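Peer 1: Quick one: structure below, then a few questions.
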Amino acid sequence: MFQAKFDTAIWDVVSSIPYGQFMSYGQVAKAAGYPRHARMVSRAMSRSDKKLPWHRVIKSDGTLAFPADSDYYQQQKASLMSEGVVLLNGKVIPPDNDEPEDLDALIWGADSL
DNA sequence: CCCTTGACTATCT
DNA sequence: GAGATAGCCAAGG
């Protein structure tokens, strides 16, 4: 069954995401060997009752995949921050971030909107 | 079997 | 930079 091999690959990739790091759905899908299956990534994780670090999986924009008013959103955000990931304006800090104002904000606790 | 939906992504306006 | 549109693939009704 496609799903069996797919979800296993997804779980493996998601589980392989280092602490304090994150990957986009498309990135995970590609890494699992299934490009364009970004949507299937979500399904695979949702199906799995395993302890997957799904909070490390976000959208390509750096934002979380859930609506800001969703409980899952809060949970994911909290998990990320507890791993050292800083969120700014509801987005994770991209590697090319160099804005001093944003830097100051994240130092003092970003995402306190 | 056709149509809708979804934890997505990229492009255009 | 936000909103709309199209492409994408699989699952569920």
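Ordered as shown in the structure tokens, chains take letters A, B, and onward, while each chain numbers its residues from 1 and ligands are numbered from 1 in the order shown.
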Using backbone DSSP assignments, extract all helix (DSSP H, G or I) residues from chain A; output them as an MDAnalysis selection string.

Peer 2: chainID A and resid 2:15 25:32 38:47 54:56 71:82 100:107

Peer 1: Please report, as JSON lines, each residue of chain C lying at most 10 Å from chain A, together with the nearest pair of atoms and the separation in Å rounded to one decimal; use only C-alpha atoms (C1' of nucleotides), and order rows by chain and ascending residue number.

Peer 2:
{"residue": "C:DG7", "atom": "C1'", "partner": "A:Arg36", "partner_atom": "CA", "distance": 9.7}
{"residue": "C:DC8", "atom": "C1'", "partner": "A:Arg36", "partner_atom": "CA", "distance": 6.1}
{"residue": "C:DC9", "atom": "C1'", "partner": "A:His37", "partner_atom": "CA", "distance": 6.3}
{"residue": "C:DA10", "atom": "C1'", "partner": "A:Met40", "partner_atom": "CA", "distance": 6.9}
{"residue": "C:DA11", "atom": "C1'", "partner": "A:Arg43", "partner_atom": "CA", "distance": 9.1}

Peer 1: I need the contact residues of chain A against chain B, so if you could list those with any atom within 8 Å, counting only C-alpha atoms (C1' of nucleotides), and return them as a CSV table (one decimal) with all heavy atoms, in the first residue's frame, that would help.

Peer 2:
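Dumped everything to result20.csv:
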chain,number,residue,atom,x,y,z
A,25,TYR,N,6.7,21.4,4.7
A,25,TYR,CA,6.0,20.2,4.2
A,25,TYR,C,6.6,19.7,2.9
A,25,TYR,O,6.9,18.5,2.7
A,25,TYR,CB,4.5,20.5,4.0
A,25,TYR,CG,3.8,20.6,5.3
A,25,TYR,CD1,3.8,21.8,6.0
A,25,TYR,CD2,3.2,19.5,5.9
A,25,TYR,CE1,3.1,21.9,7.2
A,25,TYR,CE2,2.6,19.6,7.1
A,25,TYR,CZ,2.5,20.8,7.8
A,25,TYR,OH,1.9,20.9,9.0
A,26,GLY,N,6.9,20.6,2.0
A,26,GLY,CA,7.4,20.3,0.7
A,26,GLY,C,8.8,19.7,0.9
A,26,GLY,O,9.2,18.8,0.2
A,38,ALA,N,3.4,17.3,-0.3
A,38,ALA,CA,3.4,18.1,0.9
A,38,ALA,C,2.1,17.9,1.6
A,38,ALA,O,2.1,17.8,2.9
A,38,ALA,CB,3.5,19.6,0.5
A,39,ARG,N,1.0,17.8,0.9
A,39,ARG,CA,-0.3,17.6,1.6
A,39,ARG,C,-0.4,16.3,2.2
A,39,ARG,O,-1.1,16.1,3.3
A,39,ARG,CB,-1.4,17.8,0.6
A,39,ARG,CG,-1.3,19.1,-0.2
A,39,ARG,CD,-2.4,19.2,-1.2
A,39,ARG,NE,-3.4,20.0,-0.7
A,39,ARG,CZ,-4.0,21.0,-1.4
A,39,ARG,NH1,-3.6,21.2,-2.7
A,39,ARG,NH2,-4.9,21.8,-0.9
A,42,SER,N,1.0,16.0,5.8
A,42,SER,CA,0.1,16.3,6.9
A,42,SER,C,-0.8,15.1,7.3
A,42,SER,O,-1.0,14.8,8.4
A,42,SER,CB,-0.8,17.5,6.5
A,42,SER,OG,-1.6,17.1,5.4
A,43,ARG,N,-1.3,14.4,6.2
A,43,ARG,CA,-2.2,13.3,6.4
A,43,ARG,C,-1.4,12.2,7.1
A,43,ARG,O,-1.9,11.6,8.1
A,43,ARG,CB,-2.7,12.8,5.1
A,43,ARG,CG,-3.8,11.8,5.2
A,43,ARG,CD,-4.4,11.5,3.8
A,43,ARG,NE,-5.0,12.7,3.2
A,43,ARG,CZ,-6.2,13.1,3.4
A,43,ARG,NH1,-7.0,12.4,4.2
A,43,ARG,NH2,-6.7,14.1,2.8
A,46,SER,N,-0.9,13.1,10.8
A,46,SER,CA,-2.2,13.1,11.5
A,46,SER,C,-2.6,11.7,11.8
A,46,SER,O,-3.2,11.4,12.8
A,46,SER,CB,-3.2,13.8,10.6
A,46,SER,OG,-4.4,13.9,11.3
A,59,LYS,N,5.0,25.5,7.2
A,59,LYS,CA,4.8,25.8,5.8
A,59,LYS,C,6.0,26.5,5.2
A,59,LYS,O,6.9,26.9,6.0
A,59,LYS,CB,3.5,26.7,5.7
A,59,LYS,CG,2.3,26.1,6.1
A,59,LYS,CD,1.1,26.7,5.5
A,59,LYS,CE,0.9,28.2,6.0
A,59,LYS,NZ,-0.3,28.8,5.5
A,60,SER,N,6.0,26.6,3.9
A,60,SER,CA,7.2,27.1,3.2
A,60,SER,C,7.4,28.6,3.6
A,60,SER,O,8.5,29.1,3.5
A,60,SER,CB,7.0,27.0,1.7
A,60,SER,OG,5.8,27.7,1.3
A,65,ALA,N,1.1,25.8,10.0
A,65,ALA,CA,0.1,25.3,9.1
A,65,ALA,C,-1.3,25.5,9.6
A,65,ALA,O,-2.3,25.5,8.9
A,65,ALA,CB,0.3,23.9,8.7
A,66,PHE,N,-1.5,25.7,10.9
A,66,PHE,CA,-2.8,25.9,11.5
A,66,PHE,C,-3.2,27.4,11.7
A,66,PHE,O,-2.3,28.2,11.8
A,66,PHE,CB,-2.8,25.3,12.9
A,66,PHE,CG,-2.6,23.8,12.9
A,66,PHE,CD1,-1.4,23.2,13.2
A,66,PHE,CD2,-3.7,23.0,12.6
A,66,PHE,CE1,-1.2,21.8,13.1
A,66,PHE,CE2,-3.5,21.6,12.5
A,66,PHE,CZ,-2.3,21.0,12.8

Peer 1: Looking only at the backbone, which of the residues in chain A does DSSP tag as strand (DSSP E), as a list in words?

Peer 2: Met23, Ser24, Val57, Ile58, Leu87, Leu88, Lys91 and Val92 of chain A

Peer 1: Hey, can you spit out that residue selection with C-alpha atoms as a compact mmCIF listing (two decimals), in the first residue's frame?

Peer 2:
# COMPACT_ATOMS: atom_id res chain seq x y z
CA MET A 23 11.35 21.80 7.74
CA SER A 24 8.58 22.77 5.38
CA VAL A 57 7.09 20.83 10.33
CA ILE A 58 5.83 24.17 9.06
CA LEU A 87 8.96 32.93 16.51
CA LEU A 88 8.55 36.44 15.22
CA LYS A 91 6.71 33.09 11.87
CA VAL A 92 9.84 31.11 12.67

Peer 1: Interatomic distance between CA of Tyr73 in chain A and CA of Asp61 in chain A?

Peer 2: 15.0 Å

Peer 1: Taking into account only C-alpha atoms, which residue in the set A:Val41, A:Leu52, A:Val86, A:Leu64 is nearest to Ser16 in chain A?

Peer 2: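 Closest residue, counting only C-alpha atoms: A:Leu52.
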
Peer 1: Find the distance between CA of Tyr34 in chain A and CA of Lys77 in chain A and write it in Å to one decimal.

Peer 2: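 CA of Tyr34 in chain A sits 26.6 Å away from CA of Lys77 in chain A.
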
Peer 1: Rank A:Gln27, A:Gly62, A:Met81, A:Phe6 by their smallest atom-to-atom distance to Met45 in chain A, using only C-alpha atoms, and report the top residue only.

Peer 2: A:Phe6
